[in-house]
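Structure file target_37.txt (compact mmCIF, C-alpha atoms) follows.
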```
# COMPACT_ATOMS: atom_id res chain seq x y z
CA MET A 1245 135.96 52.34 191.85
CA GLU A 1246 138.85 54.39 190.59
CA ALA A 1247 137.74 53.91 187.04
CA ASN A 1248 134.56 55.85 187.69
CA ILE A 1249 135.57 58.66 190.03
CA ALA A 1250 138.08 61.39 189.41
CA VAL A 1251 140.12 60.61 192.51
CA PRO A 1252 143.28 62.60 193.08
CA ASN A 1253 146.07 60.69 191.46
CA ASP A 1254 149.78 61.07 191.12
CA ASN A 1255 149.37 63.60 188.39
CA ASN A 1256 146.88 66.11 189.82
CA LYS A 1257 146.95 68.15 186.66
CA GLU A 1258 144.90 65.51 184.86
CA THR A 1259 142.02 65.36 187.36
CA TRP A 1260 139.83 67.85 185.51
CA GLY A 1261 140.52 65.98 182.34
CA GLY A 1262 138.79 62.92 183.83
CA GLY A 1263 141.68 61.64 185.96
CA ASN A 1264 143.30 60.17 182.91
CA VAL A 1265 140.33 57.88 182.47
CA LYS A 1266 139.07 57.92 178.91
CA PRO A 1267 135.70 56.22 178.48
CA PHE A 1268 135.19 55.16 174.85
CA GLY A 1269 138.73 56.30 174.16
CA ALA A 1270 137.51 59.86 173.68
CA SER A 1271 138.96 62.78 175.59
CA TYR A 1272 136.76 64.56 178.13
CA GLY A 1273 136.43 67.69 176.00
CA LYS A 1274 135.54 65.85 172.83
CA MET A 1275 132.98 63.67 174.55
CA MET A 1276 131.30 66.65 176.20
CA MET A 1277 131.26 68.50 172.90
CA TRP A 1278 129.46 65.53 171.38
CA PHE A 1279 126.90 65.37 174.17
CA PHE A 1280 126.36 69.12 173.93
CA ILE A 1281 125.77 68.70 170.22
CA LEU A 1282 123.28 65.91 170.95
CA SER A 1283 121.28 68.12 173.30
CA ASP A 1284 121.45 71.06 170.90
CA ALA A 1285 120.29 68.81 168.09
CA LEU A 1286 117.25 67.90 170.19
CA THR A 1287 116.54 71.61 170.75
CA PHE A 1288 116.55 72.24 167.02
CA SER A 1289 114.44 69.14 166.46
CA GLY A 1290 111.94 70.59 168.92
CA PHE A 1291 111.73 73.77 166.85
CA LEU A 1292 111.45 71.99 163.54
CA ALA A 1293 108.88 69.54 164.93
CA ALA A 1294 106.84 72.47 166.24
CA TYR A 1295 107.09 74.01 162.77
CA GLY A 1296 105.84 70.70 161.36
CA LEU A 1297 102.92 70.59 163.77
CA THR A 1298 101.88 74.13 162.89
CA ARG A 1299 102.23 73.47 159.22
CA TYR A 1300 100.02 70.38 159.49
CA LYS A 1301 97.55 72.43 161.47
CA PHE A 1302 97.32 74.98 158.64
CA ILE A 1303 98.09 72.55 155.84
CA ASP A 1304 95.51 74.10 153.49
CA SER A 1305 96.70 77.69 153.89
CA TRP A 1306 100.46 77.60 154.52
CA PRO A 1307 102.55 79.99 152.39
CA ILE A 1308 104.41 78.38 149.49
CA ALA A 1309 108.12 78.84 150.26
CA ASP A 1310 109.33 79.28 146.70
CA GLU A 1311 106.90 82.16 146.22
CA VAL A 1312 108.29 83.86 149.32
CA PHE A 1313 112.05 83.46 148.89
CA THR A 1314 112.63 84.52 145.31
CA HIS A 1315 115.32 87.18 145.45
CA VAL A 1316 119.02 87.18 144.72
CA PRO A 1317 121.17 90.19 145.63
CA PHE A 1318 122.23 92.51 142.77
CA VAL A 1319 119.93 90.70 140.33
CA HIS A 1320 116.43 91.65 139.34
CA GLY A 1321 113.72 89.12 138.73
CA GLU A 1322 112.46 86.01 140.45
CA PHE A 1323 114.78 83.12 141.19
CA PRO A 1324 113.10 80.89 143.73
CA MET A 1325 115.48 78.94 145.95
CA ILE A 1326 118.68 80.00 144.18
CA TYR A 1327 120.01 82.24 146.91
CA VAL A 1328 119.36 79.79 149.75
CA ALA A 1329 121.10 77.14 147.66
CA ILE A 1330 124.13 79.42 147.35
CA MET A 1331 124.07 79.95 151.12
CA THR A 1332 123.96 76.18 151.61
CA PHE A 1333 127.01 75.79 149.39
CA ILE A 1334 128.91 78.46 151.30
CA LEU A 1335 128.23 76.69 154.59
CA ILE A 1336 129.10 73.22 153.27
CA PHE A 1337 132.28 74.64 151.79
CA SER A 1338 133.26 76.25 155.08
CA SER A 1339 132.66 72.84 156.65
CA VAL A 1340 135.14 71.38 154.17
CA THR A 1341 137.83 73.95 154.99
CA MET A 1342 137.20 73.21 158.67
CA VAL A 1343 137.72 69.49 158.22
CA LEU A 1344 140.84 70.24 156.18
CA ALA A 1345 142.10 72.34 159.12
CA VAL A 1346 141.54 69.37 161.45
CA ASP A 1347 143.34 67.13 158.98
CA ALA A 1348 146.30 69.53 158.79
CA GLY A 1349 146.27 69.63 162.61
CA HIS A 1350 146.78 65.87 162.75
CA GLN A 1351 149.92 66.38 160.69
CA MET A 1352 151.02 69.28 162.94
CA LYS A 1353 151.18 71.69 160.03
CA LYS A 1354 150.63 74.99 161.80
CA ASN A 1355 150.46 77.28 158.77
CA LYS A 1356 148.04 75.07 156.92
CA VAL A 1357 145.74 74.91 159.96
CA ALA A 1358 145.81 78.69 160.25
CA TRP A 1359 144.93 79.25 156.60
CA TYR A 1360 142.10 76.73 156.62
CA MET A 1361 140.72 78.23 159.85
CA PHE A 1362 140.87 81.63 158.20
CA ALA A 1363 138.93 80.34 155.19
CA THR A 1364 136.34 78.80 157.52
CA ILE A 1365 135.85 82.11 159.32
CA ILE A 1366 135.41 83.95 156.02
CA GLY A 1367 132.82 81.38 154.90
CA GLY A 1368 130.93 81.80 158.16
CA VAL A 1369 130.92 85.58 157.88
CA ILE A 1370 129.62 85.43 154.30
CA PHE A 1371 126.87 83.07 155.44
CA VAL A 1372 125.75 85.34 158.30
CA GLY A 1373 125.83 88.30 155.93
CA SER A 1374 123.63 86.42 153.49
CA GLN A 1375 121.24 85.58 156.24
CA ALA A 1376 121.05 89.23 157.25
CA TRP A 1377 120.27 90.11 153.65
CA GLU A 1378 117.61 87.40 153.56
CA TRP A 1379 116.02 88.78 156.73
CA ASN A 1380 116.11 92.30 155.33
CA THR A 1381 114.36 91.20 152.14
CA PHE A 1382 111.79 89.21 154.11
CA ILE A 1383 111.07 92.09 156.50
CA ASN A 1384 110.74 94.69 153.74
CA GLY A 1385 108.55 92.47 151.60
CA THR A 1386 108.04 92.56 147.87
CA TYR A 1387 104.38 92.83 146.99
CA GLY A 1388 102.36 93.99 149.96
CA ALA A 1389 98.95 92.60 150.84
CA VAL A 1390 95.93 93.35 152.99
CA LYS A 1391 94.75 91.61 156.12
CA THR A 1392 91.07 91.13 156.96
CA LYS A 1393 89.33 91.37 160.31
CA GLU A 1394 89.36 87.55 160.40
CA GLY A 1395 93.15 87.65 160.18
CA LYS A 1396 93.36 86.38 156.61
CA VAL A 1397 95.87 87.75 154.17
CA LEU A 1398 94.66 88.73 150.70
CA GLN A 1399 97.18 89.17 147.91
CA PHE A 1400 96.68 90.68 144.48
CA VAL A 1401 97.26 88.98 141.15
CA LYS A 1402 97.19 90.07 137.54
CA ASP A 1403 96.99 87.35 134.85
CA GLY A 1404 97.64 84.75 137.56
CA LYS A 1405 100.89 86.38 138.70
CA GLN A 1406 101.21 88.24 141.97
CA ILE A 1407 101.40 92.01 141.61
CA ALA A 1408 102.76 94.59 144.03
CA LEU A 1409 100.51 97.22 145.62
CA ALA A 1410 102.83 99.87 144.19
CA ASP A 1411 102.04 98.62 140.67
CA PHE A 1412 98.33 99.33 140.75
CA VAL A 1413 97.52 101.55 143.73
CA THR A 1414 98.23 104.83 141.97
CA ASN A 1415 95.35 106.92 143.28
CA THR A 1416 95.98 109.43 146.04
CA ARG A 1417 95.65 108.71 149.69
CA THR A 1418 92.55 110.43 151.04
CA ASP A 1419 92.71 109.85 154.78
CA ASP A 1420 95.46 112.45 155.38
CA ARG A 1421 97.33 109.93 157.50
CA GLU A 1422 100.94 110.82 158.11
CA GLN A 1423 103.77 109.10 159.89
CA HIS A 1424 104.12 110.49 163.40
CA THR A 1425 107.63 111.78 163.95
CA ALA A 1426 109.27 114.01 166.51
CA LYS A 1427 109.00 116.87 164.01
CA ASN A 1428 105.28 116.82 163.33
CA GLY A 1429 103.98 115.63 166.70
CA LEU A 1430 104.84 115.09 170.31
CA TRP A 1431 108.59 114.74 170.49
CA PHE A 1432 108.43 112.15 173.27
CA GLU A 1433 106.01 109.91 171.42
CA SER A 1434 107.00 107.57 168.62
CA GLU A 1435 104.96 105.55 166.17
CA LYS A 1436 105.70 102.32 164.35
CA THR A 1437 106.06 102.70 160.60
CA ILE A 1438 102.66 103.09 158.97
CA SER A 1439 101.77 101.51 155.65
CA ASN A 1440 102.25 103.46 152.44
CA TYR A 1441 98.65 102.97 151.41
CA SER A 1442 95.36 103.27 153.26
CA VAL A 1443 92.74 100.52 153.17
CA ALA A 1444 90.24 102.73 151.30
CA GLN A 1445 92.90 103.58 148.74
CA VAL A 1446 93.63 99.91 148.00
CA ILE A 1447 89.93 99.07 147.67
CA ALA A 1448 89.37 102.04 145.33
CA ALA A 1449 92.34 100.94 143.21
CA TYR A 1450 90.95 97.39 143.04
CA GLU A 1451 87.62 98.72 141.81
CA ALA A 1452 89.30 100.93 139.24
CA ASN A 1453 91.43 98.09 137.76
CA PRO A 1454 89.20 95.33 136.33
CA ASP A 1455 92.15 93.04 135.55
CA ILE A 1456 93.29 92.77 139.18
CA GLN A 1457 92.10 89.77 141.17
CA VAL A 1458 92.33 88.75 144.79
CA ARG A 1459 94.19 85.64 145.86
CA THR A 1460 93.44 84.03 149.22
CA GLU A 1461 95.62 81.84 151.40
CA LEU A 1462 93.39 78.82 150.83
CA MET A 1463 95.20 76.18 148.83
CA ASP A 1464 93.69 73.90 146.23
CA MET A 1465 95.12 70.70 147.68
CA ASP A 1466 94.93 68.83 144.37
CA LEU A 1467 96.95 71.40 142.46
CA LYS A 1468 98.89 72.85 145.42
CA LYS A 1469 98.08 76.36 144.26
CA LYS A 1470 96.43 79.26 146.09
CA THR A 1471 92.83 80.11 145.24
CA ILE A 1472 92.20 83.13 143.02
CA LEU A 1473 88.80 84.71 143.59
CA SER A 1474 86.47 86.16 140.98
CA ARG A 1475 86.11 89.96 140.88
CA GLU A 1476 82.84 89.91 142.85
CA GLU A 1477 84.03 87.50 145.53
CA GLY A 1478 87.26 89.48 145.76
CA ALA A 1479 85.33 92.69 146.42
CA LEU A 1480 83.35 90.94 149.17
CA GLN A 1481 86.54 89.76 150.87
CA LEU A 1482 88.23 93.14 150.46
CA ALA A 1483 85.33 94.81 152.22
CA LYS A 1484 86.49 93.04 155.39
CA THR A 1485 89.96 94.55 155.18
CA LYS A 1486 91.42 95.79 158.46
CA MET A 1487 94.92 96.82 157.51
CA VAL A 1488 97.48 97.03 154.72
CA VAL A 1489 100.52 94.79 155.32
CA GLU A 1490 103.87 95.48 153.72
CA GLY A 1491 106.66 93.08 154.55
CA ALA A 1492 106.77 91.11 157.75
CA ASN A 1493 107.09 91.43 161.48
CA LEU A 1494 106.03 89.22 164.38
CA ARG A 1495 102.39 90.42 164.27
CA ALA A 1496 101.57 90.43 160.59
CA ASN A 1497 103.19 89.57 157.28
CA GLU A 1498 102.22 89.80 153.64
CA TYR A 1499 103.01 86.13 152.96
CA GLY A 1500 100.18 84.57 154.94
CA ASN A 1501 99.91 83.04 158.39
CA THR A 1502 101.46 85.20 161.08
CA ILE A 1503 103.11 82.18 162.65
CA PHE A 1504 104.91 81.43 159.38
CA ALA A 1505 107.00 84.58 159.78
CA ASP A 1506 107.38 83.92 163.51
CA PHE A 1507 108.90 80.52 162.79
CA PHE A 1508 111.08 82.01 160.07
CA PHE A 1509 112.52 84.58 162.45
CA PHE A 1510 112.83 82.14 165.31
CA ILE A 1511 114.41 79.16 163.57
CA THR A 1512 116.71 80.94 161.14
CA GLY A 1513 117.51 83.45 163.89
CA PHE A 1514 118.47 80.74 166.35
CA HIS A 1515 120.57 79.07 163.69
CA GLY A 1516 122.21 82.40 162.82
CA PHE A 1517 123.01 82.86 166.50
CA HIS A 1518 124.76 79.49 166.43
CA VAL A 1519 126.73 80.52 163.35
CA ILE A 1520 127.84 83.73 165.07
CA SER A 1521 128.94 81.78 168.17
CA GLY A 1522 130.80 79.40 165.87
CA ILE A 1523 132.59 82.26 164.13
CA ILE A 1524 133.69 83.68 167.50
CA LEU A 1525 134.99 80.28 168.63
CA ASN A 1526 136.77 79.86 165.30
CA ILE A 1527 138.41 83.27 165.65
CA ILE A 1528 139.66 82.40 169.15
CA VAL A 1529 141.07 79.11 167.92
CA PHE A 1530 142.56 80.82 164.86
CA PHE A 1531 144.56 83.19 167.06
CA ASN A 1532 145.64 80.34 169.31
CA VAL A 1533 146.91 78.49 166.25
CA ILE A 1534 148.89 81.54 165.13
CA LEU A 1535 150.30 82.07 168.63
CA GLY A 1536 151.44 78.46 168.62
CA THR A 1537 149.38 77.42 171.65
CA TYR A 1538 148.53 74.03 170.18
CA GLU A 1539 152.00 73.58 168.78
CA LYS A 1540 153.30 73.84 172.37
CA ARG A 1541 150.54 71.59 173.66
CA GLY A 1542 151.62 68.95 171.20
CA HIS A 1543 148.24 68.38 169.57
CA TYR A 1544 145.49 70.25 167.74
CA GLU A 1545 142.52 68.67 169.47
CA MET A 1546 140.92 72.05 170.17
CA VAL A 1547 140.60 72.61 166.42
CA GLU A 1548 138.86 69.27 166.22
CA LYS A 1549 136.38 70.13 169.02
CA VAL A 1550 135.48 73.52 167.59
CA GLY A 1551 135.29 71.81 164.22
CA LEU A 1552 132.65 69.44 165.59
CA TYR A 1553 130.54 72.42 166.60
CA TRP A 1554 131.02 74.06 163.22
CA HIS A 1555 129.96 70.91 161.35
CA PHE A 1556 126.95 70.69 163.59
CA VAL A 1557 125.90 74.20 162.57
CA ASP A 1558 126.18 73.06 158.95
CA LEU A 1559 124.21 69.90 159.76
CA VAL A 1560 121.37 71.94 161.25
CA TRP A 1561 121.30 74.19 158.22
CA VAL A 1562 120.88 71.15 155.97
CA PHE A 1563 117.68 70.34 157.85
CA VAL A 1564 116.44 73.92 158.05
CA PHE A 1565 117.02 74.26 154.30
CA THR A 1566 114.96 71.15 153.62
CA PHE A 1567 112.07 71.78 155.96
CA PHE A 1568 111.78 75.53 155.56
CA TYR A 1569 112.57 76.02 151.90
CA LEU A 1570 112.09 72.76 150.04
CA VAL A 1571 109.34 70.62 151.60
CA MET B 203 142.94 55.99 165.91
CA ALA B 204 146.07 54.41 164.55
CA HIS B 205 145.63 56.11 161.22
CA ALA B 206 145.10 59.56 162.72
CA HIS B 207 148.17 61.03 161.13
CA GLU B 208 147.35 60.00 157.61
CA SER B 209 145.85 62.61 155.37
CA ASN B 210 142.26 62.14 154.28
CA THR B 211 142.20 65.13 151.98
CA LYS B 212 141.10 63.22 148.90
CA ARG B 213 138.20 61.58 150.69
CA ILE B 214 137.07 64.95 152.09
CA TRP B 215 136.86 66.41 148.59
CA ILE B 216 134.95 63.39 147.32
CA VAL B 217 132.38 63.78 150.11
CA PHE B 218 132.16 67.50 149.35
CA GLY B 219 131.43 66.59 145.72
CA ILE B 220 128.68 64.19 146.76
CA LEU B 221 127.08 66.73 149.13
CA SER B 222 127.17 69.38 146.39
CA VAL B 223 125.57 67.11 143.82
CA ILE B 224 122.80 66.18 146.30
CA THR B 225 122.17 69.87 147.00
CA LEU B 226 122.02 70.62 143.27
CA VAL B 227 119.52 67.82 142.72
CA GLU B 228 117.39 69.11 145.59
CA VAL B 229 117.38 72.65 144.28
CA TYR B 230 116.66 71.50 140.72
CA LEU B 231 113.70 69.40 141.86
CA GLY B 232 112.54 72.23 144.13
CA ILE B 233 112.46 74.64 141.20
CA ILE B 234 110.84 72.49 138.51
CA LYS B 235 108.56 70.56 140.88
CA PRO B 236 107.39 67.91 138.41
CA ASP B 237 103.65 67.37 138.83
CA SER B 238 103.98 63.60 138.90
CA LEU B 239 106.15 63.83 142.03
CA HIS B 240 104.66 66.98 143.53
CA LEU B 241 100.98 66.15 143.47
CA ALA B 242 100.98 62.49 144.51
CA GLY B 243 102.59 60.26 147.07
CA PRO B 244 101.97 58.34 150.28
CA GLY B 245 101.34 60.58 153.29
CA THR B 246 103.09 63.54 151.76
CA SER B 247 104.23 64.03 148.16
CA TRP B 248 106.93 61.86 146.54
CA LEU B 249 108.94 65.03 146.15
CA ASN B 250 108.95 65.58 149.91
CA TRP B 251 110.06 61.99 150.49
CA ILE B 252 112.92 62.50 148.04
CA PHE B 253 113.95 65.70 149.85
CA ILE B 254 113.86 63.97 153.24
CA ILE B 255 115.90 60.98 152.06
CA LEU B 256 118.49 63.20 150.34
CA THR B 257 118.73 65.33 153.48
CA LEU B 258 119.37 62.27 155.63
CA ALA B 259 122.05 61.19 153.14
CA LYS B 260 123.71 64.60 153.50
CA ALA B 261 123.46 64.42 157.29
CA TYR B 262 125.12 60.99 157.19
CA GLY B 263 127.97 62.34 155.07
CA ILE B 264 128.57 65.30 157.38
CA ALA B 265 128.35 63.28 160.61
CA TRP B 266 130.35 60.25 159.48
CA VAL B 267 133.13 61.86 157.49
CA PHE B 268 133.36 65.53 158.51
CA MET B 269 132.57 64.97 162.18
CA HIS B 270 134.52 61.72 162.03
CA LEU B 271 131.91 59.58 163.77
CA GLU B 272 133.17 56.62 161.74
CA GLY B 273 136.46 56.77 163.67
CA GLU B 274 134.92 56.82 167.15
CA LYS B 275 134.39 53.73 169.30
CA LYS B 276 131.25 51.84 168.36
CA TRP B 277 129.30 52.43 171.57
CA PHE B 278 130.29 56.09 171.79
CA ARG B 279 128.89 56.54 168.31
CA ARG B 280 125.75 54.67 169.24
CA SER B 281 125.24 56.65 172.45
CA ILE B 282 124.97 59.74 170.26
CA VAL B 283 123.25 58.49 167.11
CA TRP B 284 120.75 56.12 168.66
CA SER B 285 119.67 58.64 171.32
CA ALA B 286 119.14 61.34 168.73
CA VAL B 287 117.42 59.14 166.17
CA PHE B 288 115.05 57.57 168.70
CA LEU B 289 114.06 60.83 170.42
CA ILE B 290 113.65 62.76 167.18
CA ILE B 291 111.50 60.11 165.52
CA TYR B 292 109.40 59.88 168.69
CA LEU B 293 108.89 63.65 168.95
CA VAL B 294 108.23 64.23 165.26
CA THR B 295 105.73 61.36 165.02
CA LEU B 296 103.69 62.59 167.98
CA LEU B 297 103.75 66.23 166.93
CA LEU B 298 102.80 65.58 163.32
CA ILE B 299 99.89 63.36 164.38
CA GLU B 300 98.80 66.10 166.75
CA GLY B 301 99.10 68.73 164.02
CA ASP B 302 96.98 66.64 161.68
CA TYR B 303 94.38 66.19 164.42
CA LEU B 304 94.28 69.97 164.95
CA TYR B 305 93.72 70.43 161.22
CA GLU B 306 90.90 67.88 161.14
CA THR B 307 89.26 69.48 164.16
CA LEU B 308 89.72 73.17 163.43
CA SER B 309 89.62 73.54 159.66
CA PRO B 310 85.85 72.82 159.36
CA LEU B 311 85.34 75.86 161.60
CA VAL B 312 87.27 78.20 159.34
CA ASN B 313 85.12 80.21 156.99
CA TRP B 314 86.85 80.92 153.68
```

As structure tokens, please, write out the structure in this file.
Amino acid sequence: MEANIAVPNDNNKETWGGGNVKPFGASYGKMMMWFFILSDALTFSGFLAAYGLTRYKFIDSWPIADEVFTHVPFVHGEFPMIYVAIMTFILIFSSVTMVLAVDAGHQMKKNKVAWYMFATIIGGVIFVGSQAWEWNTFINGTYGAVKTKEGKVLQFVKDGKQIALADFVTNTRTDDREQHTAKNGLWFESEKTISNYSVAQVIAAYEANPDIQVRTELMDMDLKKKTILSREEGALQLAKTKMVVEGANLRANEYGNTIFADFFFFITGFHGFHVISGIILNIIVFFNVILGTYEKRGHYEMVEKVGLYWHFVDLVWVFVFTFFYLV
Amino acid sequence: MAHAHESNTKRIWIVFGILSVITLVEVYLGIIKPDSLHLAGPGTSWLNWIFIILTLAKAYGIAWVFMHLEGEKKWFRRSIVWSAVFLIIYLVTLLLIEGDYLYETLSPLVNW
């Protein structure tokens, strides 16, 4: 009976710690951290499984990840995957400094714990910063595309390589469309950013440039490449154009299926939110280490518990990296 | 946890090395995408199977060494790992079958 219930005992202080009962030899806090991680892991699995379902549903038209994520900050050119790989390294490395902090905690070396915690926080901040940059690049887009009334995204290629709208749409815009701002319109009305080019302008530019072709989302499943249409077929598809898409938001994106961008924002966003929470927890623990809280307590178990959460964030990223960027 | 006060620093760095090498291999394969692996394979491509297996290897390294699951009591470890593995396999299997069914049913209706 007493083994299962937290009955008041001689040392009342311990009641909330499980009444000194330690199932599996793990402390209350550590065990609950593990079970929280288990439930959080199932949440992420739910997201990734939903991503898998959607991808199977649109298996013949899903965007190819290494054509979407090709940029590295401060460097021009296309480097598929490189930047996400760097981000993965940063996160794994911050996991290493975290585990070194736990290790130093076991030896009661206060200064070492503090320095390793500090390094972990820096790693986390760099990772979140990278993710923000990645989002910014994704939202702004690179090439631009058009979307048809049927909701299909058409991209433009020259000699088999994708080409940006800015590179061939050089004619002037004829529809006199201007961005609505407080200066040129009703001050109490606002308008979402309009595209740089009008539909008619893009179609005219396509007709004027015989070496530009249209690429559809449809994948050749034997070659795993997107279909490039002939000039005539391309013109037929372009005639159905509804809007010009530059970059990505939750309603449309230049990469392909709308839900691709939705999953990108949702999954990497939810992971980024976890990283931010982890950084905040790490900062709290860092200050407690410096103040000597755990030194007085006689053990550094709190570093270990927060460390578990931090490793979990890294663990999730390993899976997001695989299923979003590699597979 | 009799050995809790020993330092495992060396082992941590070795695991870090292994995780880094696995990541490098993944990225390398992801960039070159050899046709023989990319365009054939059971269910999905061989390349995807390699990625999944390497990812599980990384997850094992992180959970066992960094999160120190190896040092926990056997049934505590199992209460976590078995629950997660069973539920995730269950969910993913059902959802991927469902996704494939949706593709089979809906894609003939899409006009390219």

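With atom CA of Ile1456 of chain A on one side and atom CA of Lys1402 of chain A on the other, the separation reads 5.0 Å.
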
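If you look at atom CA of Ala1309 of chain A and atom CA of Asp237 of chain B, they are 16.8 Å away from each other.
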
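Between atom CA of Lys1469 of chain A and atom CA of Tyr1300 of chain A lies a distance of 16.5 Å.
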
Which polymer residues have any atom within 12 Å of an atom of Asn1497 of chain A, counting all atoms listed in the file, with same-chain residues fewer than 2 positions away left out, as a PyMOL selection string? chain A and resi 1307+1312+1382-1391+1395-1399+1487-1495+1499-1506+1508-1509

Would you export the selected residues with C-alpha atoms as a PDB file, in the coordinates of the input, please?
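What follows is the written file result.pdb:
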```pdb
ATOM      1  CA  PRO A1307     102.550  79.990 152.390  1.00  0.00           C
ATOM      2  CA  VAL A1312     108.290  83.860 149.320  1.00  0.00           C
ATOM      3  CA  PHE A1382     111.790  89.210 154.110  1.00  0.00           C
ATOM      4  CA  ILE A1383     111.070  92.090 156.500  1.00  0.00           C
ATOM      5  CA  ASN A1384     110.740  94.690 153.740  1.00  0.00           C
ATOM      6  CA  GLY A1385     108.550  92.470 151.600  1.00  0.00           C
ATOM      7  CA  THR A1386     108.040  92.560 147.870  1.00  0.00           C
ATOM      8  CA  TYR A1387     104.380  92.830 146.990  1.00  0.00           C
ATOM      9  CA  GLY A1388     102.360  93.990 149.960  1.00  0.00           C
ATOM     10  CA  ALA A1389      98.950  92.600 150.840  1.00  0.00           C
ATOM     11  CA  VAL A1390      95.930  93.350 152.990  1.00  0.00           C
ATOM     12  CA  LYS A1391      94.750  91.610 156.120  1.00  0.00           C
ATOM     13  CA  GLY A1395      93.150  87.650 160.180  1.00  0.00           C
ATOM     14  CA  LYS A1396      93.360  86.380 156.610  1.00  0.00           C
ATOM     15  CA  VAL A1397      95.870  87.750 154.170  1.00  0.00           C
ATOM     16  CA  LEU A1398      94.660  88.730 150.700  1.00  0.00           C
ATOM     17  CA  GLN A1399      97.180  89.170 147.910  1.00  0.00           C
ATOM     18  CA  MET A1487      94.920  96.820 157.510  1.00  0.00           C
ATOM     19  CA  VAL A1488      97.480  97.030 154.720  1.00  0.00           C
ATOM     20  CA  VAL A1489     100.520  94.790 155.320  1.00  0.00           C
ATOM     21  CA  GLU A1490     103.870  95.480 153.720  1.00  0.00           C
ATOM     22  CA  GLY A1491     106.660  93.080 154.550  1.00  0.00           C
ATOM     23  CA  ALA A1492     106.770  91.110 157.750  1.00  0.00           C
ATOM     24  CA  ASN A1493     107.090  91.430 161.480  1.00  0.00           C
ATOM     25  CA  LEU A1494     106.030  89.220 164.380  1.00  0.00           C
ATOM     26  CA  ARG A1495     102.390  90.420 164.270  1.00  0.00           C
ATOM     27  CA  TYR A1499     103.010  86.130 152.960  1.00  0.00           C
ATOM     28  CA  GLY A1500     100.180  84.570 154.940  1.00  0.00           C
ATOM     29  CA  ASN A1501      99.910  83.040 158.390  1.00  0.00           C
ATOM     30  CA  THR A1502     101.460  85.200 161.080  1.00  0.00           C
ATOM     31  CA  ILE A1503     103.110  82.180 162.650  1.00  0.00           C
ATOM     32  CA  PHE A1504     104.910  81.430 159.380  1.00  0.00           C
ATOM     33  CA  ALA A1505     107.000  84.580 159.780  1.00  0.00           C
ATOM     34  CA  ASP A1506     107.380  83.920 163.510  1.00  0.00           C
ATOM     35  CA  PHE A1508     111.080  82.010 160.070  1.00  0.00           C
ATOM     36  CA  PHE A1509     112.520  84.580 162.450  1.00  0.00           C
TER      37      PHE A1509
END
```

Per residue of chain B within 8 Å of chain A, which atom pair is closest and at what distance in Å (one decimal), using all atoms listed in the file, listed by chain and increasing number, as CSV?
```
residue,atom,partner,partner_atom,distance
B:Ala206,CA,A:His1350,CA,6.5
B:His207,CA,A:His1350,CA,5.3
B:Glu208,CA,A:Gln1351,CA,7.5
B:Ser209,CA,A:Asp1347,CA,6.3
B:Asn210,CA,A:Asp1347,CA,6.9
B:Thr211,CA,A:Leu1344,CA,6.8
B:Ile214,CA,A:Val1340,CA,7.0
B:Trp215,CA,A:Val1340,CA,7.7
B:Phe218,CA,A:Val1340,CA,6.9
B:Leu221,CA,A:Ile1336,CA,8.0
B:Ser222,CA,A:Phe1333,CA,7.1
B:Thr225,CA,A:Ala1329,CA,7.4
B:Leu226,CA,A:Ala1329,CA,7.9
B:Glu228,CA,A:Leu1570,CA,7.8
B:Val229,CA,A:Ala1329,CA,6.7
B:Gly232,CA,A:Leu1570,CA,6.0
B:Ile233,CA,A:Pro1324,CA,6.8
B:Leu241,CA,A:Asp1466,CA,6.7
B:Leu249,CA,A:Val1571,CA,7.8
B:Asn250,CA,A:Val1571,CA,5.3
B:Phe253,CA,A:Thr1566,CA,6.7
B:Ile254,CA,A:Thr1566,CA,7.3
B:Thr257,CA,A:Val1562,CA,6.7
B:Lys260,CA,A:Val1562,CA,7.6
B:Ala261,CA,A:Leu1559,CA,6.1
B:Ile264,CA,A:Leu1559,CA,6.8
B:Ala265,CA,A:His1555,CA,7.8
B:Phe268,CA,A:Val1343,CA,5.9
B:Met269,CA,A:Leu1552,CA,5.6
B:Glu274,CA,A:Ala1270,CA,7.7
B:Lys275,CA,A:Phe1268,CA,5.8
B:Trp277,CA,A:Phe1268,CA,7.3
B:Phe278,CA,A:Phe1268,CA,5.9
B:Ile282,CA,A:Leu1282,CA,6.4
B:Ala286,CA,A:Leu1282,CA,6.6
B:Leu289,CA,A:Leu1286,CA,7.8
B:Ile290,CA,A:Ser1289,CA,6.5
B:Leu293,CA,A:Ala1293,CA,7.1
B:Val294,CA,A:Ala1293,CA,5.4
B:Leu297,CA,A:Leu1297,CA,5.4
B:Leu298,CA,A:Leu1297,CA,5.0
B:Ile299,CA,A:Leu1297,CA,7.9
B:Glu300,CA,A:Leu1297,CA,6.8
B:Gly301,CA,A:Leu1297,CA,4.3
B:Asp302,CA,A:Tyr1300,CA,5.3
B:Tyr303,CA,A:Lys1301,CA,7.6
B:Leu304,CA,A:Lys1301,CA,5.4
B:Tyr305,CA,A:Lys1301,CA,4.3
B:Ser309,CA,A:Phe1302,CA,7.9
B:Trp314,CA,A:Leu1462,CA,7.4
```

What would the list of residues within 8 Å of (128.2, 84.5, 160.2) (file frame) look like as a PyMOL selection string, if all atoms listed in the file are what count? chain A and resi 1367-1373+1516+1519-1520+1523

Please save C-alpha atoms of the selected residues as a short mmCIF file (atom, residue, chain, number, x, y, z; two decimals), in the coordinates of the input.
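Below you can see part-v1.cif, which holds the result:
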```
data_model
loop_
_atom_site.label_atom_id
_atom_site.label_comp_id
_atom_site.auth_asym_id
_atom_site.auth_seq_id
_atom_site.Cartn_x
_atom_site.Cartn_y
_atom_site.Cartn_z
CA GLY A 1367 132.82 81.38 154.90
CA GLY A 1368 130.93 81.80 158.16
CA VAL A 1369 130.92 85.58 157.88
CA ILE A 1370 129.62 85.43 154.30
CA PHE A 1371 126.87 83.07 155.44
CA VAL A 1372 125.75 85.34 158.30
CA GLY A 1373 125.83 88.30 155.93
CA GLY A 1516 122.21 82.40 162.82
CA VAL A 1519 126.73 80.52 163.35
CA ILE A 1520 127.84 83.73 165.07
CA ILE A 1523 132.59 82.26 164.13
#
```
